[in-house]
$ cat work.cif   # mmCIF, C-alpha atoms
data_target
loop_
_atom_site.label_atom_id
_atom_site.label_comp_id
_atom_site.auth_asym_id
_atom_site.auth_seq_id
_atom_site.Cartn_x
_atom_site.Cartn_y
_atom_site.Cartn_z
CA MET L 1 17.87 -2.20 20.55
CA THR L 2 18.62 0.51 18.01
CA ALA L 3 16.09 1.83 15.52
CA LEU L 4 15.90 1.27 11.80
CA PRO L 5 16.86 4.29 9.70
CA ALA L 6 13.97 6.36 8.36
CA ALA L 7 14.68 5.19 4.83
CA ALA L 8 13.49 2.58 2.37
CA GLY L 9 14.48 -1.05 2.84
CA VAL L 10 13.74 -4.27 1.01
CA GLY L 11 13.23 -7.88 1.87
CA PHE L 12 16.42 -9.86 1.43
CA LYS L 13 16.20 -12.81 -0.95
CA PRO L 14 19.12 -15.18 -1.60
CA GLU L 15 18.53 -14.81 -5.35
CA HIS L 16 19.64 -11.18 -5.03
CA PHE L 17 22.73 -11.80 -2.91
CA ALA L 18 25.26 -11.68 -5.74
CA ALA L 19 23.81 -8.44 -7.11
CA ILE L 20 23.77 -6.86 -3.65
CA ARG L 21 27.38 -7.81 -2.98
CA ALA L 22 28.42 -6.47 -6.39
CA ASP L 23 26.40 -3.22 -6.33
CA ARG L 24 26.53 -2.34 -2.61
CA PRO L 25 23.16 -0.58 -3.00
CA ARG L 26 22.30 2.38 -0.78
CA VAL L 27 19.18 0.85 0.77
CA GLY L 28 18.26 1.76 4.31
CA PHE L 29 17.93 -1.78 5.63
CA PHE L 30 17.12 -5.38 4.78
CA GLU L 31 14.39 -7.50 6.31
CA VAL L 32 14.25 -11.29 6.59
CA HIS L 33 11.63 -13.76 7.74
CA ALA L 34 12.76 -15.27 11.02
CA GLU L 35 11.68 -18.81 10.24
CA ASN L 36 14.04 -19.00 7.24
CA TYR L 37 17.05 -18.64 9.57
CA MET L 38 16.29 -20.91 12.49
CA GLY L 39 18.77 -23.55 11.39
CA ALA L 40 22.19 -23.60 13.02
CA GLY L 41 24.32 -22.83 9.98
CA GLY L 42 24.78 -23.24 6.27
CA LEU L 43 24.61 -20.86 3.33
CA PRO L 44 21.59 -18.88 4.64
CA HIS L 45 23.59 -17.75 7.66
CA VAL L 46 26.72 -17.05 5.62
CA GLN L 47 24.70 -14.69 3.43
CA LEU L 48 22.75 -13.09 6.26
CA ALA L 49 25.93 -12.46 8.26
CA ALA L 50 27.39 -10.63 5.26
CA ILE L 51 24.23 -8.56 4.88
CA ARG L 52 24.14 -7.75 8.59
CA GLU L 53 27.75 -6.62 8.54
CA ALA L 54 26.93 -3.92 5.98
CA TYR L 55 23.29 -2.97 6.65
CA ALA L 56 20.67 -2.38 9.30
CA LEU L 57 18.47 -5.44 9.78
CA SER L 58 14.82 -6.09 10.54
CA ILE L 59 13.61 -9.57 11.48
CA HIS L 60 9.97 -10.27 10.66
CA GLY L 61 8.29 -13.32 12.18
CA VAL L 62 5.49 -15.27 10.50
CA GLY L 63 5.13 -18.26 12.83
CA LEU L 64 4.46 -17.11 16.39
CA SER L 65 0.67 -17.37 16.02
CA ILE L 66 0.38 -14.54 18.49
CA GLY L 67 -3.42 -14.54 18.24
CA GLY L 68 -3.73 -18.29 18.78
CA ALA L 69 -6.08 -19.51 21.50
CA GLN L 70 -3.45 -21.78 23.04
CA GLY L 71 -0.24 -20.57 24.61
CA LEU L 72 2.75 -19.59 22.53
CA ASP L 73 5.13 -22.31 21.39
CA ARG L 74 8.00 -21.92 23.86
CA ALA L 75 10.45 -23.82 21.65
CA HIS L 76 9.68 -21.48 18.76
CA LEU L 77 10.11 -18.46 21.01
CA ALA L 78 13.46 -19.83 22.21
CA ARG L 79 14.65 -20.26 18.60
CA LEU L 80 13.54 -16.72 17.89
CA ARG L 81 15.46 -15.43 20.92
CA ALA L 82 18.59 -17.24 19.72
CA LEU L 83 18.23 -15.69 16.25
CA CYS L 84 17.77 -12.18 17.63
CA ASP L 85 20.71 -12.64 20.01
CA ARG L 86 22.85 -13.81 17.09
CA TYR L 87 22.10 -10.91 14.72
CA GLN L 88 20.97 -8.14 17.07
CA PRO L 89 18.38 -6.78 14.61
CA ASP L 90 17.36 -3.15 14.74
CA SER L 91 13.72 -4.24 14.75
CA PHE L 92 11.60 -7.34 15.34
CA SER L 93 7.99 -7.60 14.18
CA GLU L 94 5.15 -10.10 13.92
CA HIS L 95 1.55 -10.27 12.69
CA LEU L 96 -1.76 -9.71 14.43
CA ALA L 97 -3.00 -13.13 13.39
CA TRP L 98 -3.10 -16.81 14.30
CA SER L 99 -1.76 -19.78 12.36
CA SER L 100 -1.85 -22.80 14.68
CA HIS L 101 -4.43 -24.92 16.48
CA GLY L 102 -3.20 -27.56 18.86
CA ALA L 103 -0.39 -29.42 17.09
CA ASP L 104 -1.53 -28.28 13.64
CA TYR L 105 0.25 -25.39 11.90
CA LEU L 106 -1.38 -23.67 8.96
CA ASN L 107 0.47 -21.93 6.16
CA ASP L 108 -1.58 -18.77 6.54
CA LEU L 109 -2.10 -15.73 8.73
CA LEU L 110 -5.70 -15.92 9.89
CA PRO L 111 -7.85 -13.08 11.28
CA LEU L 112 -9.21 -12.54 14.77
CA PRO L 113 -12.46 -11.24 16.23
CA TYR L 114 -11.78 -7.92 17.92
CA THR L 115 -13.25 -8.34 21.38
CA PRO L 116 -12.07 -7.57 24.94
CA GLU L 117 -11.36 -11.28 25.42
CA THR L 118 -9.18 -11.44 22.32
CA LEU L 119 -7.43 -8.25 23.41
CA ASP L 120 -6.57 -9.81 26.77
CA LEU L 121 -5.20 -12.92 25.05
CA VAL L 122 -3.07 -11.06 22.49
CA ALA L 123 -1.79 -8.57 25.08
CA ALA L 124 -0.63 -11.46 27.29
CA HIS L 125 1.14 -13.04 24.31
CA VAL L 126 2.80 -9.76 23.35
CA ASP L 127 4.03 -9.36 26.91
CA GLN L 128 5.38 -12.91 26.81
CA VAL L 129 7.20 -12.29 23.52
CA GLN L 130 8.73 -9.02 24.65
CA GLU L 131 9.87 -10.54 27.93
CA GLY L 132 11.16 -13.66 26.19
CA LEU L 133 13.13 -11.72 23.58
CA GLY L 134 14.25 -8.96 25.91
CA ARG L 135 13.20 -6.38 23.34
CA ARG L 136 10.23 -4.38 22.14
CA MET L 137 8.30 -5.88 19.25
CA LEU L 138 6.18 -4.36 16.51
CA LEU L 139 2.81 -5.81 15.55
CA GLU L 140 1.48 -5.61 11.98
CA ASN L 141 -2.12 -4.93 10.93
CA PRO L 142 -3.37 -7.86 8.84
CA ALA L 143 -4.86 -8.15 5.37
CA THR L 144 -8.35 -9.58 5.95
CA TYR L 145 -11.00 -11.18 3.78
CA VAL L 146 -13.77 -11.76 6.33
CA LEU L 147 -15.23 -9.83 9.26
CA PHE L 148 -16.54 -11.28 12.53
CA ASP L 149 -20.01 -10.55 13.86
CA GLN L 150 -18.53 -10.97 17.36
CA SER L 151 -16.21 -7.97 17.00
CA THR L 152 -17.05 -5.11 19.35
CA LEU L 153 -13.89 -3.08 18.66
CA SER L 154 -12.59 -1.71 15.40
CA GLU L 155 -9.19 -2.92 14.27
CA THR L 156 -7.65 0.48 14.93
CA GLU L 157 -9.16 0.61 18.44
CA PHE L 158 -7.83 -2.88 19.09
CA LEU L 159 -4.31 -1.99 17.95
CA ALA L 160 -4.28 1.30 19.84
CA GLU L 161 -5.27 -0.37 23.11
CA LEU L 162 -2.81 -3.21 22.54
CA ALA L 163 0.05 -0.74 22.08
CA ARG L 164 -1.06 1.22 25.17
CA ARG L 165 -1.25 -1.87 27.39
CA THR L 166 1.94 -3.61 26.32
CA GLY L 167 4.20 -0.81 25.09
CA CYS L 168 4.69 -2.64 21.80
CA GLY L 169 5.09 -0.65 18.61
CA LEU L 170 3.04 -1.01 15.46
CA LEU L 171 4.01 -1.91 11.93
CA LEU L 172 1.61 -0.20 9.54
CA ASP L 173 1.19 -2.22 6.34
CA VAL L 174 -0.39 0.27 3.94
CA ASN L 175 -1.08 -2.37 1.30
CA ASN L 176 -2.95 -4.44 3.90
CA VAL L 177 -5.07 -1.38 4.70
CA PHE L 178 -5.95 -0.95 1.04
CA VAL L 179 -6.63 -4.67 0.53
CA SER L 180 -8.81 -5.02 3.63
CA CYS L 181 -10.81 -1.85 3.09
CA THR L 182 -11.44 -2.67 -0.57
CA ASN L 183 -12.58 -6.18 0.34
CA HIS L 184 -14.93 -4.89 3.04
CA GLY L 185 -16.25 -1.88 1.12
CA THR L 186 -14.84 0.67 3.55
CA ASP L 187 -12.72 3.79 3.12
CA PRO L 188 -8.97 3.29 3.65
CA ARG L 189 -8.54 6.98 4.47
CA ALA L 190 -11.13 6.72 7.23
CA TYR L 191 -9.27 3.67 8.56
CA LEU L 192 -5.97 5.55 8.54
CA ALA L 193 -7.58 8.57 10.20
CA GLY L 194 -8.26 6.33 13.20
CA PHE L 195 -4.94 4.50 13.18
CA PRO L 196 -2.66 5.16 16.19
CA LEU L 197 0.15 6.60 14.05
CA ALA L 198 2.15 7.73 17.06
CA ALA L 199 2.89 4.06 17.81
CA VAL L 200 4.07 3.24 14.26
CA ALA L 201 7.78 2.44 14.03
CA GLU L 202 7.85 0.85 10.55
CA ILE L 203 5.76 0.82 7.38
CA HIS L 204 5.32 -2.00 4.88
CA LEU L 205 4.45 -1.63 1.21
CA GLY L 206 3.75 -4.51 -1.14
CA GLY L 207 1.85 -5.66 -4.17
CA HIS L 208 -1.51 -7.36 -4.35
CA ALA L 209 -3.52 -9.44 -6.80
CA ALA L 210 -7.18 -9.09 -7.75
CA GLU L 211 -9.83 -11.70 -8.45
CA ASP L 212 -13.18 -10.82 -10.03
CA LEU L 213 -16.03 -12.41 -8.10
CA PRO L 214 -19.80 -12.03 -8.67
CA SER L 215 -19.91 -9.93 -5.49
CA GLY L 216 -17.13 -7.65 -6.72
CA PRO L 217 -13.34 -7.58 -6.79
CA LEU L 218 -11.42 -9.48 -4.13
CA LEU L 219 -7.91 -8.22 -3.43
CA ILE L 220 -5.28 -10.67 -2.18
CA ASP L 221 -2.13 -9.64 -0.34
CA SER L 222 0.13 -11.58 -2.69
CA HIS L 223 3.55 -9.90 -2.24
CA GLY L 224 4.04 -10.83 -5.89
CA ALA L 225 3.80 -7.56 -7.78
CA ALA L 226 4.85 -3.92 -7.74
CA VAL L 227 3.20 -1.59 -5.24
CA ALA L 228 -0.07 -0.32 -6.73
CA ASP L 229 -0.55 3.39 -7.39
CA PRO L 230 -3.42 3.81 -4.86
CA VAL L 231 -1.15 2.32 -2.18
CA TRP L 232 1.65 4.74 -3.07
CA THR L 233 -0.87 7.58 -2.72
CA LEU L 234 -1.98 6.41 0.72
CA TYR L 235 1.64 5.98 1.78
CA ALA L 236 2.49 9.55 0.77
CA GLU L 237 -0.48 10.80 2.79
CA VAL L 238 0.60 8.80 5.85
CA ILE L 239 4.20 10.03 5.90
CA ALA L 240 2.99 13.58 5.33
CA ARG L 241 1.35 13.18 8.75
CA THR L 242 4.01 11.14 10.54
CA GLY L 243 7.20 12.33 8.93
CA PRO L 244 9.72 9.85 7.51
CA LEU L 245 9.54 6.30 8.88
CA PRO L 246 11.47 3.13 8.03
CA THR L 247 9.67 1.70 5.02
CA LEU L 248 9.98 -1.82 3.67
CA VAL L 249 9.08 -2.85 0.13
CA GLU L 250 7.95 -6.50 0.29
CA TRP L 251 8.19 -8.72 -2.79
CA ASP L 252 8.24 -12.40 -1.82
CA ASN L 253 6.62 -14.20 -4.77
CA ASP L 254 7.25 -14.03 -8.53
CA LEU L 255 10.50 -12.40 -7.53
CA PRO L 256 11.82 -9.79 -9.98
CA ASP L 257 15.42 -9.07 -10.87
CA TRP L 258 17.25 -6.92 -8.34
CA PRO L 259 17.03 -3.63 -10.32
CA VAL L 260 13.22 -3.83 -10.32
CA LEU L 261 13.06 -4.22 -6.55
CA ALA L 262 15.71 -1.53 -6.07
CA ALA L 263 13.60 0.84 -8.17
CA GLU L 264 10.60 0.28 -5.88
CA ALA L 265 12.76 1.16 -2.89
CA ALA L 266 14.03 4.26 -4.71
CA ARG L 267 10.43 5.38 -5.24
CA ALA L 268 9.75 5.04 -1.52
CA ASP L 269 12.92 6.99 -0.74
CA HIS L 270 11.80 9.77 -3.07
CA LEU L 271 8.49 10.08 -1.21
CA LEU L 272 10.34 10.08 2.12
CA ARG L 273 12.51 12.97 0.92
CA GLU L 274 9.41 14.81 -0.26
CA ALA L 275 7.87 14.41 3.20
CA VAL L 276 10.97 15.98 4.74
CA ARG L 277 10.92 18.84 2.25
CA HIS L 278 7.25 19.61 2.87
CA ALA L 279 7.74 19.45 6.64
CA ARG L 280 10.57 21.95 6.46
CA ALA L 281 8.55 24.27 4.23
CA SER L 282 5.50 24.27 6.48
#

$ encode --input "work.cif" --output "structure tokens"
Amino acid sequence: MTALPAAAGVGFKPEHFAAIRADRPRVGFFEVHAENYMGAGGLPHVQLAAIREAYALSIHGVGLSIGGAQGLDRAHLARLRALCDRYQPDSFSEHLAWSSHGADYLNDLLPLPYTPETLDLVAAHVDQVQEGLGRRMLLENPATYVLFDQSTLSETEFLAELARRTGCGLLLDVNNVFVSCTNHGTDPRAYLAGFPLAAVAEIHLGGHAAEDLPSGPLLIDSHGAAVADPVWTLYAEVIARTGPLPTLVEWDNDLPDWPVLAAEAARADHLLREAVRHARAS
């Protein structure tokens, strides 16, 4: 498996296909959700094949339920293997979350208690995915809205140990950091200070929404707005430490016209170039 370029990419949406084909934008890569391409053919595959021919590709799963208490769905894993074999993506990633219980599948990415028992479970599932796909995977830190009294490890400790045990990489979602820390009244910079940045192979940026509750603001990882200024600031601080990394701008809901999304990617590319310039000057 090759690596994504250390440049800004965007999530591919069929609504933007005509503009992409016409403009041939200089984006670093496109990312798609795996579950949207598990059918055998049709227009989705025609479009994705054209995108893959011209650009680096990241496939991002949302349905493995890698933190689920039961075993992984082998049929789903087989479909995922077929998709990765078909398009040979430069990266595959999933979420540190669960979304199924028995035969029931939930349209959400739900949080986990961070305990040694959960670590054993998730590590076994990561090993199973990597063996089943024949490739290294990246695991994304979640946006969370509750904390578990049972947790005995911090999220960053959990992710660091998971990467050490399994050899998986990490996908650092900076917006999720900001959302979670704001919701829990903690410092996102302190969280990032403890994050195992050496294992990060991709960064995600996205927009969030806010709801005013009697207890204070609640941020929701909506993927339906531009990246917020505080998230841009945190991102610049991260890449000043890590150097340039592949960076995806996510915008899945309330989709804007292509030039708006392209401008978000251009802003990320500008910050990546600044990180290179500062590294060379230091």

$ residues_around --input "work.cif" --residues "Met38 (chain L)" --least-positions-apart "4" --cutoff "7 Å" --atoms "all atoms listed in the file" --output "mmCIF file with C-alpha atoms, keeping the file's coordinate frame"
data_model
loop_
_atom_site.group_PDB
_atom_site.id
_atom_site.type_symbol
_atom_site.label_atom_id
_atom_site.label_comp_id
_atom_site.auth_asym_id
_atom_site.auth_seq_id
_atom_site.Cartn_x
_atom_site.Cartn_y
_atom_site.Cartn_z
ATOM 1 C CA ALA L 34 12.760 -15.270 11.020
ATOM 2 C CA ARG L 79 14.650 -20.260 18.600
ATOM 3 C CA LEU L 83 18.230 -15.690 16.250
#

$ closest_residue --input "work.cif" --among "L:Gln47, L:Ser154, L:Ser58, L:Thr186" --to "Ala18 (chain L)" --atoms "only C-alpha atoms"
L:Gln47

$ axis_aligned_box --input "work.cif" --around "region 210-219 of chain L" --padding-each-side "4 Å" --output "lines of an AutoDock Vina configuration file"
center_x = -13.5
center_y = -10.0
center_z = -6.7
size_x = 20.7
size_y = 12.8
size_z = 14.6

$ closest_residue --input "work.cif" --among "L:Ala22, L:Val249, L:Ala240, L:Ala40" --to "Val10 (chain L)" --atoms "only C-alpha atoms"
L:Val249

$ closest_residue --input "work.cif" --among "L:Ala225, L:Ala82, L:Leu138, L:Ala268" --to "His60 (chain L)" --atoms "all atoms listed in the file"
L:Leu138

$ closest_residue --input "work.cif" --among "L:Pro244, L:Gly224, L:Gly216, L:Gly134" --to "Gly185 (chain L)" --atoms "only C-alpha atoms"
L:Gly216

$ atom_distance --input "work.cif" --atom1 "CA of Ala226 (chain L)" --atom2 "CA of Val174 (chain L)"
13.5 Å

$ atom_distance --input "work.cif" --atom1 "CA of Phe29 (chain L)" --atom2 "CA of Glu237 (chain L)"
22.5 Å

$ residues_around --input "work.cif" --residues "Gln128 (chain L)" --least-positions-apart "5" --cutoff "12 Å" --atoms "all atoms listed in the file" --output "number ranges by chain"
L: 64, 66, 71-74, 77-78, 81, 121-123, 133-137, 166, 168

$ resolve_selection --input "work.cif" --expression "the PyMOL selection byres ((chain L and resi 90-96) around 6)" --output "number ranges by chain"
L: 1-4, 57-61, 89, 97, 137-141

$ atom_distance --input "work.cif" --atom1 "CA of Pro196 (chain L)" --atom2 "CA of Ala266 (chain L)"
26.8 Å

$ closest_residue --input "work.cif" --among "L:Phe195, L:His184, L:Asp212, L:Asn175" --to "Pro230 (chain L)" --atoms "all atoms listed in the file"
L:Asn175

$ residues_near_point --input "work.cif" --point "(11.9, 4.5, -5.0)" --cutoff "12 Å" --atoms "all atoms listed in the file" --output "count of residues only"
30

$ residues_around --input "work.cif" --residues "Asn36 (chain L)" --least-positions-apart "6" --cutoff "10 Å" --atoms "only C-alpha atoms" --output "mmCIF file with C-alpha atoms, keeping the file's coordinate frame"
data_model
loop_
_atom_site.group_PDB
_atom_site.id
_atom_site.type_symbol
_atom_site.label_atom_id
_atom_site.label_comp_id
_atom_site.auth_asym_id
_atom_site.auth_seq_id
_atom_site.Cartn_x
_atom_site.Cartn_y
_atom_site.Cartn_z
ATOM 1 C CA PRO L 44 21.590 -18.880 4.640
ATOM 2 C CA HIS L 45 23.590 -17.750 7.660
ATOM 3 C CA GLY L 61 8.290 -13.320 12.180
ATOM 4 C CA VAL L 62 5.490 -15.270 10.500
#

$ resolve_selection --input "work.cif" --expression "the PyMOL selection byres ((chain L and resi 155) around 9)" --output "list in words"
Tyr114, Asn141, Leu153, Ser154, Thr156, Glu157, Phe158, Leu159, Ala160, Tyr191 and Phe195 of chain L

$ closest_residue --input "work.cif" --among "L:Leu110, L:Ser151, L:Gly11, L:Pro246" --to "Gly206 (chain L)" --atoms "all atoms listed in the file"
L:Gly11

$ decode --input "work.cif" --residues "region 263-276 of chain L" --atoms "N, CA, C and O atoms" --output "short mmCIF file (atom, residue, chain, number, x, y, z; two decimals), in the first residue's frame"
data_model
loop_
_atom_site.label_atom_id
_atom_site.label_comp_id
_atom_site.auth_asym_id
_atom_site.auth_seq_id
_atom_site.Cartn_x
_atom_site.Cartn_y
_atom_site.Cartn_z
N ALA L 263 -12.06 25.77 -1.72
CA ALA L 263 -11.41 26.85 -0.97
C ALA L 263 -10.99 26.38 0.42
O ALA L 263 -9.94 26.80 0.94
N GLU L 264 -11.78 25.51 1.05
CA GLU L 264 -11.38 24.95 2.34
C GLU L 264 -10.11 24.12 2.19
O GLU L 264 -9.20 24.19 3.02
N ALA L 265 -10.05 23.32 1.12
CA ALA L 265 -8.84 22.53 0.88
C ALA L 265 -7.65 23.44 0.61
O ALA L 265 -6.53 23.15 1.07
N ALA L 266 -7.86 24.53 -0.11
CA ALA L 266 -6.76 25.46 -0.39
C ALA L 266 -6.24 26.09 0.90
O ALA L 266 -5.04 26.33 1.04
N ARG L 267 -7.13 26.35 1.85
CA ARG L 267 -6.68 26.90 3.14
C ARG L 267 -5.81 25.88 3.88
O ARG L 267 -4.78 26.25 4.47
N ALA L 268 -6.21 24.62 3.84
CA ALA L 268 -5.38 23.58 4.47
C ALA L 268 -4.03 23.49 3.77
O ALA L 268 -2.98 23.37 4.43
N ASP L 269 -4.02 23.54 2.45
CA ASP L 269 -2.76 23.48 1.72
C ASP L 269 -1.85 24.65 2.07
O ASP L 269 -0.62 24.49 2.17
N HIS L 270 -2.43 25.82 2.25
CA HIS L 270 -1.62 26.99 2.65
C HIS L 270 -0.94 26.74 3.99
O HIS L 270 0.26 27.03 4.15
N LEU L 271 -1.67 26.19 4.95
CA LEU L 271 -1.08 25.92 6.26
C LEU L 271 -0.02 24.82 6.17
O LEU L 271 0.99 24.87 6.88
N LEU L 272 -0.23 23.85 5.29
CA LEU L 272 0.79 22.81 5.09
C LEU L 272 2.07 23.42 4.53
O LEU L 272 3.18 23.06 4.96
N ARG L 273 1.94 24.34 3.59
CA ARG L 273 3.13 25.00 3.03
C ARG L 273 3.82 25.85 4.09
O ARG L 273 5.07 25.91 4.15
N GLU L 274 3.04 26.50 4.94
CA GLU L 274 3.63 27.29 6.03
C GLU L 274 4.41 26.39 6.99
O GLU L 274 5.48 26.78 7.48
N ALA L 275 3.90 25.21 7.25
CA ALA L 275 4.60 24.28 8.14
C ALA L 275 5.94 23.88 7.55
O ALA L 275 6.95 23.78 8.26
N VAL L 276 5.97 23.66 6.24
CA VAL L 276 7.23 23.33 5.57
C VAL L 276 8.21 24.50 5.65
O VAL L 276 9.39 24.34 5.94
#
